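See below for the structure under consideration.
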Amino acid sequence: MKFKLLFSFLFAGAMTLSAQQGYKDGIEYFRADQPEEAEIILNRTINDAGTDKAEAYYYLGQIELQKGNVAAAKEDFNKGIAANGQNPKNYIGLGMIELKNGNKSGAEAQFKAARDLDKKNPLVAVEIARAYFNADPALYAKEIEKNIAQAKNLSKKQPEPAIYILEADMLAPTSVGDAAGYYEMASQFDPNTNYPEAYVKYARTYFTVNPQYSIDKLKALLEKQPNSALAQRELAEKYYESDRLTLAAEQYGKYIANPNHFQKDKIRYVALLYFGKKYQESFDLATQILADDPNNIYMQRMQFLNMEALKQPIEAKKYAEIFFSNPAAQGKIVPNDYTTYGDVLGELGQDTLAAKQFEKAVELAPEKVALLKDLSGAYTKAKMYREAAEAYRKYCETDEATTNDIFMLARRYQNVAATEENDSPEKAAAVENALRYVNIALERVPDNATIALTKARILFVKNNNVPDQDTVDAYLSGIELLDKDEANKTKRKSDYVNAYNQIANFYLNQKDMENAKLYFNKFLEIDPENTALRQFVENLK
């Protein structure tokens with residue numbers, strides 16, 4: 001309860017501080033080339049008391065223009081003029097529409113109206129240059145150059161960062177390095193951090209070259225603008241993209257407390273919490289999202305995955321059934337959904353049903369051949385030994401199979417042989433396959449005691465669980481390999497015990513009491529506390 005109360009206070013504080021950004025977050029997103037996010041925030045905050053509607057409508061108009069909605073764009077620009085006719089930007093917006101319509105003279109008239117409102121403001125010239133650039137950089141190259149020169153002339157005393165951001169944007173398609181230099185310059189000329197996009201665009205441009213330097217740049221931005229949703233989100237994204245999932249989860253947690261976050265980011269945060277092994281937190285957030293979006297299959301999946309990770313199989317089964325029964329999940333199910341559900345059913349003792357889930361995973365993604373091993377394991381647990389061997393055989397026919405896989409296939413066939421009727425054709429075939437694959441493994445790794453002892457056990461099964469000379473020879477080969485490491489007498493005591501017991505029993509069956517006693521005594525050397533065996537040996541005649 002104390003934790004919940006503390007969290008509520010932290011969340012309330014974060015919301016109060018973050019709300020200071022308001023519509024400005026939307027503008028930052030637009031200038032950072034994320035118009036979809038910008039539109040959501042600008043529409044969400046347009047009627048807030050602190051929103052400069054002339055500014056907000058200017059960017060909303062540009063977003064509509066990018067989407068090709070000229071009429072809607074014009075309506076937004078006019079709304080901006082109605083809100084504040086002294087703001088030059090919406091006249092520039094109307095000029096953009098004229099350029100789009102091929103009416104250069106009409107555009108120039110709108111641009112002149114904008115200049116007349118704020119003649120000494122370099123930003124007006126920058127926005128006009130950008131309007132020409134967005135319309136056609138080749139056709140209007142002279143106009144772009146002229147307005148950039150004018151902006152620089154108006155900002156001789158104090159360099160205007162927007163100029164260098166525009167120049168960087170112009171260079172970015174052809175010269176990434178030069179563009180990064182201009183973004184860096186813009187950030188240096190921006191002591192009040194009015195242009196966070198300079199930091200963000202620099203970080204994006206430089207990320208493939210030096211991820212850590214990009215992250216440091218965003219951290220510097222966040223120190224200056226701790227309430228910027230853009231800065232918070234970009235840093236979280238860069239942590240995520242560089243596989244620093246713990247830091248990404250921590251940063252996303254801070255960002256999610258900002259009212260200008262997005263639902264898709266909340267969903268990612270659920271996944272990050274899961275991968276960070278914060279399963280209960282991940283489950284709780286997924287449940288919270290489902291309260292507003294009850295058919296969200298991704299959050300239903302996360303409920304089920306988190307319950308499985310929390311070792312609550314009954315709950316995991318319940319949520320898995322909800323997920324799989326959602327019609328929206330069809331076509332979006334991935335192999336991990338089926339295999340995790342199979343694990344859940346296995347924990348509940350429903351091994352046959354569990355195997356069915358692994359079958360579905362293989363059917364869904366046959367190219368992921370490693371799933372055949374998982375399927376074989378599920379069949380083995382369900383005591384479906386023939387199916388287990390067949391699945392593993394298919395895996396061993398792929399290029400991914402290793403010597404250990406060949407050995408495991410021998411073990412699978414050993415299981416089949418051990419459960420078939422004695423002297424049946426099925427048992428004989430299984431033994432033949434088991435010996436075939438264990439011999440291949442031994443040829444590749446001749447000094448492996450485990451493989452040698454497994455061959456002995458297969459021969460034991462072949463002879464209907466009665467040791468014969470072949471079994472004894474195989475056990476002796478295994479013991480010889482074990483003896484190469486004295487520590488095996490302790491570490492692998494059970495292997496010695498089994499081998500000596502079978503060898504001794506072979507000689508006992510042959511009425512060779514001398515050798516029977518010899519190997520029973522070797523057994524007792526390894527297991528001296530076995531009183532029953534000691535009495536048995538003492539009574540042997």
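The way I read the labels, and the way they are meant: chains A, B, ... in the order of the structure tokens, residue 1 as the first residue of every chain, and ligand 1 as the first ligand shown, with later ones counted on from there.
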Long-range neighbours of Gln502 (chain A) as number ranges by chain, 9 Å cut-off, only C-alpha atoms, 6 positions minimum in chain: A: 460, 466-467, 471-472, 475, 519
Using only N, CA and C atoms, please write the residues we just selected to a file, as a compact mmCIF listing (two decimals), in the first residue's frame.
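Saved to selection21.txt:
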```
# COMPACT_ATOMS: atom_id res chain seq x y z
N PHE A 460 21.84 -53.61 -23.79
CA PHE A 460 21.11 -54.25 -22.69
C PHE A 460 19.63 -54.36 -23.05
N VAL A 466 18.68 -58.16 -20.31
CA VAL A 466 19.59 -59.15 -19.73
C VAL A 466 20.97 -58.89 -20.32
N PRO A 467 21.99 -58.67 -19.50
CA PRO A 467 23.32 -58.36 -20.06
C PRO A 467 23.92 -59.56 -20.78
N THR A 471 27.07 -56.41 -24.27
CA THR A 471 26.76 -55.39 -23.26
C THR A 471 27.96 -55.18 -22.33
N VAL A 472 28.54 -56.30 -21.89
CA VAL A 472 29.70 -56.23 -20.98
C VAL A 472 30.86 -55.49 -21.64
N TYR A 475 30.17 -51.83 -21.66
CA TYR A 475 30.32 -51.24 -20.32
C TYR A 475 31.79 -51.10 -19.95
N TYR A 519 33.44 -58.07 -9.79
CA TYR A 519 32.75 -56.83 -10.19
C TYR A 519 31.76 -56.35 -9.14
```
Exercise: Phe207 (chain A) partners within 12 Å, only C-alpha atoms, chain neighbours under 3 positions left out, as a PyMOL selection string: chain A and resi 176-177+180+199-204+210-218+234-235+237-239+241-242
Take the residues just selected and output them with N, CA and C atoms as a short mmCIF file (atom, residue, chain, number, x, y, z; two decimals), in the first residue's frame.
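Result file out-v3.cif:
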```cif
data_model
loop_
_atom_site.label_atom_id
_atom_site.label_comp_id
_atom_site.auth_asym_id
_atom_site.auth_seq_id
_atom_site.Cartn_x
_atom_site.Cartn_y
_atom_site.Cartn_z
N VAL A 176 25.45 12.48 -44.97
CA VAL A 176 25.09 12.28 -43.56
C VAL A 176 26.09 12.96 -42.63
N GLY A 177 27.37 12.83 -42.93
CA GLY A 177 28.39 13.42 -42.06
C GLY A 177 28.27 14.93 -41.95
N ALA A 180 25.20 15.87 -39.93
CA ALA A 180 25.43 15.73 -38.48
C ALA A 180 26.19 16.93 -37.94
N TYR A 199 19.18 18.17 -31.43
CA TYR A 199 19.77 17.06 -30.67
C TYR A 199 19.25 15.73 -31.18
N VAL A 200 17.93 15.67 -31.40
CA VAL A 200 17.29 14.41 -31.81
C VAL A 200 17.77 13.99 -33.20
N LYS A 201 17.79 14.92 -34.13
CA LYS A 201 18.21 14.57 -35.48
C LYS A 201 19.70 14.23 -35.52
N TYR A 202 20.48 14.91 -34.70
CA TYR A 202 21.89 14.56 -34.63
C TYR A 202 22.04 13.12 -34.11
N ALA A 203 21.30 12.80 -33.05
CA ALA A 203 21.39 11.46 -32.45
C ALA A 203 20.98 10.39 -33.46
N ARG A 204 19.94 10.65 -34.23
CA ARG A 204 19.51 9.68 -35.24
C ARG A 204 20.58 9.53 -36.34
N ASN A 210 28.09 5.83 -33.88
CA ASN A 210 28.49 5.77 -32.48
C ASN A 210 27.25 5.87 -31.60
N PRO A 211 26.63 4.74 -31.28
CA PRO A 211 25.40 4.76 -30.47
C PRO A 211 25.56 5.48 -29.14
N GLN A 212 26.70 5.27 -28.48
CA GLN A 212 26.87 5.88 -27.17
C GLN A 212 26.92 7.40 -27.26
N TYR A 213 27.55 7.93 -28.30
CA TYR A 213 27.62 9.38 -28.45
C TYR A 213 26.23 9.95 -28.69
N SER A 214 25.42 9.23 -29.46
CA SER A 214 24.04 9.66 -29.70
C SER A 214 23.25 9.67 -28.39
N ILE A 215 23.44 8.62 -27.60
CA ILE A 215 22.74 8.53 -26.32
C ILE A 215 23.17 9.67 -25.39
N ASP A 216 24.47 9.96 -25.36
CA ASP A 216 24.97 11.06 -24.52
C ASP A 216 24.36 12.39 -24.95
N LYS A 217 24.18 12.57 -26.26
CA LYS A 217 23.59 13.80 -26.77
C LYS A 217 22.15 13.95 -26.29
N LEU A 218 21.41 12.86 -26.31
CA LEU A 218 20.02 12.89 -25.85
C LEU A 218 19.93 13.08 -24.34
N GLU A 234 12.82 9.67 -27.19
CA GLU A 234 13.96 9.39 -28.05
C GLU A 234 15.07 8.67 -27.29
N LEU A 235 15.31 9.08 -26.05
CA LEU A 235 16.35 8.41 -25.27
C LEU A 235 15.94 6.96 -25.00
N GLU A 237 14.02 5.15 -26.84
CA GLU A 237 14.13 4.43 -28.12
C GLU A 237 15.57 4.05 -28.42
N LYS A 238 16.50 4.96 -28.17
CA LYS A 238 17.89 4.66 -28.48
C LYS A 238 18.45 3.59 -27.54
N TYR A 239 18.02 3.58 -26.29
CA TYR A 239 18.40 2.48 -25.40
C TYR A 239 17.85 1.16 -25.95
N GLU A 241 16.99 0.45 -29.09
CA GLU A 241 17.63 0.08 -30.36
C GLU A 241 19.05 -0.44 -30.17
N SER A 242 19.69 -0.06 -29.06
CA SER A 242 21.04 -0.55 -28.80
C SER A 242 21.03 -1.74 -27.84
#
```
Enumerate, as a compact mmCIF listing (two decimals) with N, CA, C and O atoms, in the first residue's frame, the complete set of residues in region 78-125 of chain A that a backbone-based DSSP assignment places in alpha helix (DSSP H).
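result.txt written:
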```txt
# COMPACT_ATOMS: atom_id res chain seq x y z
N ASN A 78 -6.02 29.25 -41.83
CA ASN A 78 -6.97 30.35 -41.61
C ASN A 78 -7.41 30.43 -40.16
O ASN A 78 -7.62 31.51 -39.61
N LYS A 79 -7.56 29.28 -39.52
CA LYS A 79 -7.89 29.27 -38.09
C LYS A 79 -6.75 29.90 -37.30
O LYS A 79 -6.98 30.61 -36.31
N GLY A 80 -5.52 29.62 -37.71
CA GLY A 80 -4.36 30.21 -37.04
C GLY A 80 -4.35 31.71 -37.18
O GLY A 80 -4.04 32.44 -36.22
N ILE A 81 -4.69 32.21 -38.38
CA ILE A 81 -4.75 33.67 -38.60
C ILE A 81 -5.86 34.27 -37.76
O ILE A 81 -5.70 35.36 -37.18
N ALA A 82 -7.00 33.57 -37.68
CA ALA A 82 -8.11 34.06 -36.87
C ALA A 82 -7.73 34.14 -35.39
O ALA A 82 -8.15 35.04 -34.67
N ALA A 83 -6.92 33.18 -34.95
CA ALA A 83 -6.49 33.17 -33.55
C ALA A 83 -5.50 34.29 -33.25
O ALA A 83 -5.54 34.90 -32.18
N LYS A 89 3.42 33.00 -39.37
CA LYS A 89 3.61 31.64 -39.85
C LYS A 89 2.45 31.12 -40.69
O LYS A 89 2.66 30.40 -41.68
N ASN A 90 1.23 31.45 -40.33
CA ASN A 90 0.11 30.89 -41.07
C ASN A 90 0.00 31.48 -42.48
O ASN A 90 -0.56 30.85 -43.37
N TYR A 91 0.54 32.70 -42.66
CA TYR A 91 0.60 33.26 -44.01
C TYR A 91 1.61 32.46 -44.85
O TYR A 91 1.41 32.22 -46.05
N ILE A 92 2.69 32.06 -44.18
CA ILE A 92 3.67 31.18 -44.86
C ILE A 92 2.99 29.87 -45.23
O ILE A 92 3.21 29.33 -46.32
N GLY A 93 2.13 29.38 -44.33
CA GLY A 93 1.38 28.16 -44.61
C GLY A 93 0.52 28.31 -45.85
O GLY A 93 0.48 27.41 -46.71
N LEU A 94 -0.17 29.45 -45.97
CA LEU A 94 -0.99 29.69 -47.17
C LEU A 94 -0.11 29.78 -48.41
O LEU A 94 -0.51 29.36 -49.51
N GLY A 95 1.11 30.31 -48.23
CA GLY A 95 2.05 30.37 -49.34
C GLY A 95 2.47 28.97 -49.78
O GLY A 95 2.66 28.70 -50.98
N MET A 96 2.60 28.04 -48.82
CA MET A 96 2.92 26.65 -49.15
C MET A 96 1.85 26.05 -50.07
O MET A 96 2.16 25.32 -51.02
N ILE A 97 0.60 26.36 -49.75
CA ILE A 97 -0.51 25.84 -50.57
C ILE A 97 -0.42 26.39 -51.99
O ILE A 97 -0.62 25.66 -52.97
N GLU A 98 -0.09 27.69 -52.11
CA GLU A 98 0.04 28.29 -53.43
C GLU A 98 1.17 27.63 -54.23
O GLU A 98 1.02 27.38 -55.43
N LEU A 99 2.27 27.34 -53.55
CA LEU A 99 3.36 26.64 -54.23
C LEU A 99 2.93 25.25 -54.69
O LEU A 99 3.26 24.81 -55.80
N LYS A 100 2.16 24.60 -53.85
CA LYS A 100 1.67 23.27 -54.21
C LYS A 100 0.75 23.34 -55.42
O LYS A 100 0.72 22.42 -56.25
N LYS A 104 3.31 30.47 -58.05
CA LYS A 104 4.45 31.07 -57.36
C LYS A 104 4.17 32.51 -56.96
O LYS A 104 4.54 32.94 -55.85
N SER A 105 3.52 33.29 -57.82
CA SER A 105 3.24 34.69 -57.50
C SER A 105 2.30 34.79 -56.30
O SER A 105 2.46 35.66 -55.43
N GLY A 106 1.32 33.87 -56.23
CA GLY A 106 0.41 33.86 -55.08
C GLY A 106 1.16 33.52 -53.81
O GLY A 106 0.89 34.09 -52.74
N ALA A 107 2.12 32.60 -53.92
CA ALA A 107 2.93 32.23 -52.76
C ALA A 107 3.77 33.41 -52.29
O ALA A 107 3.87 33.70 -51.09
N GLU A 108 4.37 34.11 -53.24
CA GLU A 108 5.22 35.24 -52.88
C GLU A 108 4.43 36.34 -52.19
O GLU A 108 4.94 37.02 -51.29
N ALA A 109 3.16 36.50 -52.59
CA ALA A 109 2.31 37.49 -51.94
C ALA A 109 2.08 37.12 -50.48
O ALA A 109 2.11 37.98 -49.58
N GLN A 110 1.85 35.84 -50.22
CA GLN A 110 1.64 35.38 -48.83
C GLN A 110 2.94 35.51 -48.04
O GLN A 110 2.92 35.92 -46.87
N PHE A 111 4.06 35.20 -48.67
CA PHE A 111 5.34 35.31 -47.96
C PHE A 111 5.66 36.77 -47.63
O PHE A 111 6.20 37.07 -46.57
N LYS A 112 5.28 37.70 -48.53
CA LYS A 112 5.49 39.12 -48.28
C LYS A 112 4.66 39.58 -47.09
O LYS A 112 5.13 40.34 -46.23
N ALA A 113 3.42 39.07 -47.03
CA ALA A 113 2.56 39.41 -45.90
C ALA A 113 3.19 38.95 -44.59
O ALA A 113 3.13 39.65 -43.56
N ALA A 114 3.82 37.79 -44.62
CA ALA A 114 4.48 37.27 -43.42
C ALA A 114 5.67 38.13 -43.05
O ALA A 114 5.85 38.49 -41.88
N ARG A 115 6.48 38.53 -44.02
CA ARG A 115 7.65 39.36 -43.75
C ARG A 115 7.25 40.71 -43.19
O ARG A 115 7.89 41.24 -42.27
N ASP A 116 6.19 41.27 -43.74
CA ASP A 116 5.76 42.60 -43.30
C ASP A 116 5.35 42.61 -41.83
O ASP A 116 5.43 43.64 -41.17
N LEU A 117 4.90 41.45 -41.33
CA LEU A 117 4.48 41.37 -39.93
C LEU A 117 5.66 41.32 -38.96
O LEU A 117 5.54 41.71 -37.80
N PRO A 122 14.61 36.46 -38.18
CA PRO A 122 15.23 35.51 -39.11
C PRO A 122 14.42 34.24 -39.30
O PRO A 122 14.52 33.58 -40.33
N LEU A 123 13.59 33.93 -38.29
CA LEU A 123 12.79 32.71 -38.39
C LEU A 123 11.80 32.76 -39.54
O LEU A 123 11.47 31.74 -40.14
N VAL A 124 11.31 33.96 -39.86
CA VAL A 124 10.36 34.10 -40.97
C VAL A 124 11.06 33.70 -42.27
O VAL A 124 10.51 32.94 -43.08
N ALA A 125 12.28 34.19 -42.44
CA ALA A 125 13.04 33.84 -43.65
C ALA A 125 13.35 32.35 -43.70
O ALA A 125 13.30 31.72 -44.77
```
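All residues of protein, DNA or RNA that reach within 7 Å of region 356-368 of chain A, judged by only C-alpha atoms and not counting those fewer than 2 positions away in the chain, are Pro335, Tyr338, Thr339, Tyr341, Gly342, Thr352, Leu353, Ala354, Ala370, Leu371, Leu372 and Leu375 of chain A.
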Any chance you can output those residues with N, CA and C atoms as a tab-separated table (two decimals), in the first residue's frame?
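Wrote it out as part-v8.tsv, contents follow:
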```
chain	number	residue	atom	x	y	z
A	335	PRO	N	5.10	-18.83	-33.11
A	335	PRO	CA	5.43	-20.13	-32.50
A	335	PRO	C	5.61	-20.07	-30.99
A	338	TYR	N	2.49	-20.80	-28.98
A	338	TYR	CA	2.14	-22.21	-28.85
A	338	TYR	C	3.08	-22.95	-27.91
A	339	THR	N	4.39	-22.70	-28.02
A	339	THR	CA	5.33	-23.44	-27.18
A	339	THR	C	5.19	-23.04	-25.71
A	341	TYR	N	2.42	-21.96	-24.31
A	341	TYR	CA	1.17	-22.61	-23.86
A	341	TYR	C	1.42	-24.10	-23.63
A	342	GLY	N	2.24	-24.71	-24.48
A	342	GLY	CA	2.59	-26.11	-24.27
A	342	GLY	C	3.30	-26.32	-22.95
A	352	THR	N	-0.14	-34.67	-23.15
A	352	THR	CA	-0.58	-34.93	-24.52
A	352	THR	C	-1.08	-33.66	-25.19
A	353	LEU	N	-1.86	-32.87	-24.45
A	353	LEU	CA	-2.33	-31.59	-24.99
A	353	LEU	C	-1.16	-30.63	-25.21
A	354	ALA	N	-0.16	-30.71	-24.33
A	354	ALA	CA	1.02	-29.87	-24.48
A	354	ALA	C	1.73	-30.19	-25.80
A	370	ALA	N	14.62	-25.77	-35.27
A	370	ALA	CA	14.90	-26.02	-33.85
A	370	ALA	C	13.63	-26.39	-33.09
A	371	LEU	N	12.49	-25.99	-33.62
A	371	LEU	CA	11.22	-26.36	-32.97
A	371	LEU	C	11.00	-27.86	-32.96
A	372	LEU	N	11.62	-28.57	-33.91
A	372	LEU	CA	11.49	-30.03	-33.93
A	372	LEU	C	12.09	-30.65	-32.67
A	375	LEU	N	9.56	-30.09	-30.00
A	375	LEU	CA	8.45	-31.02	-30.21
A	375	LEU	C	8.83	-32.42	-29.72
```
Near region 302-316 of chain A, counting only C-alpha atoms, which residues have an atom at most 6 Å away, once you skip same-chain residues fewer than 5 positions from it, shown as a PDB file with N, CA and C atoms, in the first residue's frame?
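Saved file out30.pdb follows:
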```pdb
ATOM      1  N   TYR A 279       7.750  -9.241 -14.070  1.00  0.00           N
ATOM      2  CA  TYR A 279       6.565  -9.872 -14.625  1.00  0.00           C
ATOM      3  C   TYR A 279       5.258  -9.325 -14.042  1.00  0.00           C
ATOM      4  N   PHE A 283       2.429  -7.482 -16.159  1.00  0.00           N
ATOM      5  CA  PHE A 283       1.052  -7.994 -16.163  1.00  0.00           C
ATOM      6  C   PHE A 283       0.069  -6.902 -15.772  1.00  0.00           C
ATOM      7  N   VAL A 344       2.940 -24.492 -20.310  1.00  0.00           N
ATOM      8  CA  VAL A 344       1.929 -24.316 -19.263  1.00  0.00           C
ATOM      9  C   VAL A 344       1.134 -25.600 -19.069  1.00  0.00           C
TER      10      VAL A 344
END
```
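Straight-line separation from CA of Tyr269 (chain A) to CA of Val209 (chain A): 26.4 Å.
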Separation of CA of Ile458 (chain A) from CA of Asn515 (chain A) in Å: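 Result for CA of Asn515 (chain A) versus CA of Ile458 (chain A): 23.0 Å, one decimal.
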Between CA of Ser376 (chain A) and CA of Arg412 (chain A) - distance in Å to one decimal: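 Going from CA of Arg412 (chain A) over to CA of Ser376 (chain A) covers 8.6 Å.
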Using only C-alpha atoms: which of A:Phe275, A:Tyr58, A:Thr340, A:Tyr496 has the shortest distance to Asp243 (chain A): A:Phe275
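Among the candidates A:Ile256, A:Leu540, A:Ala434, A:Ala129, the residue lying nearest to Lys511 (chain A) is A:Leu540 (atoms considered: only C-alpha atoms).
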Distance query Gln225 (chain A) at most 10 Å, only C-alpha atoms, self and fewer than 6 positions along chain excluded, as number ranges by chain: A: 21, 192-194, 196, 219, 231-232
Based on the selection just made, write all heavy atoms of those residues as a tab-separated table (two decimals), in the first residue's frame.
```tsv
chain	number	residue	atom	x	y	z
A	21	GLN	N	4.77	21.48	-20.87
A	21	GLN	CA	5.13	21.39	-22.29
A	21	GLN	C	3.89	21.50	-23.17
A	21	GLN	O	3.91	22.17	-24.18
A	21	GLN	CB	5.83	20.04	-22.56
A	21	GLN	CG	7.28	19.99	-22.10
A	21	GLN	CD	8.20	20.69	-23.06
A	21	GLN	OE1	8.87	21.64	-22.69
A	21	GLN	NE2	8.25	20.24	-24.29
A	192	ASN	N	19.17	27.90	-24.90
A	192	ASN	CA	17.89	27.74	-24.19
A	192	ASN	C	17.11	26.51	-24.63
A	192	ASN	O	15.98	26.30	-24.21
A	192	ASN	CB	17.03	28.99	-24.40
A	192	ASN	CG	17.68	30.23	-23.83
A	192	ASN	OD1	18.29	30.19	-22.75
A	192	ASN	ND2	17.59	31.35	-24.54
A	193	THR	N	17.71	25.72	-25.48
A	193	THR	CA	17.12	24.47	-25.98
A	193	THR	C	15.73	24.71	-26.55
A	193	THR	O	14.77	24.00	-26.23
A	193	THR	CB	17.05	23.39	-24.86
A	193	THR	OG1	18.11	23.56	-23.96
A	193	THR	CG2	17.14	22.00	-25.47
A	194	ASN	N	15.62	25.70	-27.42
A	194	ASN	CA	14.35	25.92	-28.11
A	194	ASN	C	14.20	25.00	-29.32
A	194	ASN	O	13.13	24.92	-29.91
A	194	ASN	CB	14.26	27.38	-28.58
A	194	ASN	CG	14.18	28.35	-27.41
A	194	ASN	OD1	13.45	28.11	-26.45
A	194	ASN	ND2	14.95	29.43	-27.47
A	196	PRO	N	15.00	21.31	-29.70
A	196	PRO	CA	15.43	19.96	-29.31
A	196	PRO	C	15.61	19.04	-30.51
A	196	PRO	O	16.34	18.05	-30.43
A	196	PRO	CB	14.30	19.48	-28.40
A	196	PRO	CG	13.12	20.32	-28.77
A	196	PRO	CD	13.68	21.65	-29.13
A	219	LYS	N	20.89	12.51	-23.62
A	219	LYS	CA	20.91	12.72	-22.17
A	219	LYS	C	21.17	14.19	-21.85
A	219	LYS	O	20.59	14.75	-20.91
A	219	LYS	CB	21.98	11.82	-21.54
A	219	LYS	CG	21.59	10.35	-21.52
A	219	LYS	CD	22.75	9.44	-21.18
A	219	LYS	CE	23.13	9.52	-19.74
A	219	LYS	NZ	24.19	8.52	-19.41
A	231	ALA	N	12.17	14.27	-25.92
A	231	ALA	CA	13.49	13.91	-25.40
A	231	ALA	C	13.42	12.60	-24.62
A	231	ALA	O	14.28	11.72	-24.76
A	231	ALA	CB	14.03	15.03	-24.52
A	232	GLN	N	12.39	12.46	-23.78
A	232	GLN	CA	12.23	11.24	-22.98
A	232	GLN	C	12.07	10.02	-23.88
A	232	GLN	O	12.69	8.98	-23.67
A	232	GLN	CB	11.01	11.38	-22.06
A	232	GLN	CG	11.17	12.43	-20.98
A	232	GLN	CD	9.85	12.73	-20.28
A	232	GLN	OE1	8.77	12.41	-20.79
A	232	GLN	NE2	9.94	13.35	-19.12
```
All residues 10 Å or closer to region 485-495 of chain A, only C-alpha atoms, same chain fewer than 4 positions away omitted, as JSON, numbers by chain: {"A": [449, 450, 453, 475, 478, 479, 480, 481, 499, 500, 501, 523, 525, 526, 527]}
Who sits within 12 Å of Tyr255 (chain A), only C-alpha atoms, same chain under 4 positions skipped, as a PyMOL selection string: chain A and resi 11+14-15+18+222+226-237+248-251+259-263+265-266+268-269
Residue with smallest distance to Gln414 (chain A) - pool A:Arg393, A:Ile128, A:Glu37, A:Thr454, counting only C-alpha atoms: A:Thr454
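Each of A:Leu533, A:Ala389, A:Ile322, A:Met384 was compared to Asn296 (chain A) using only C-alpha atoms, and A:Ile322 turns out to be the nearest.
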Distance criterion (only C-alpha atoms): nearest to Leu154 (chain A) out of A:Glu347, A:Asn121, A:Gly102, A:Gly50: A:Asn121
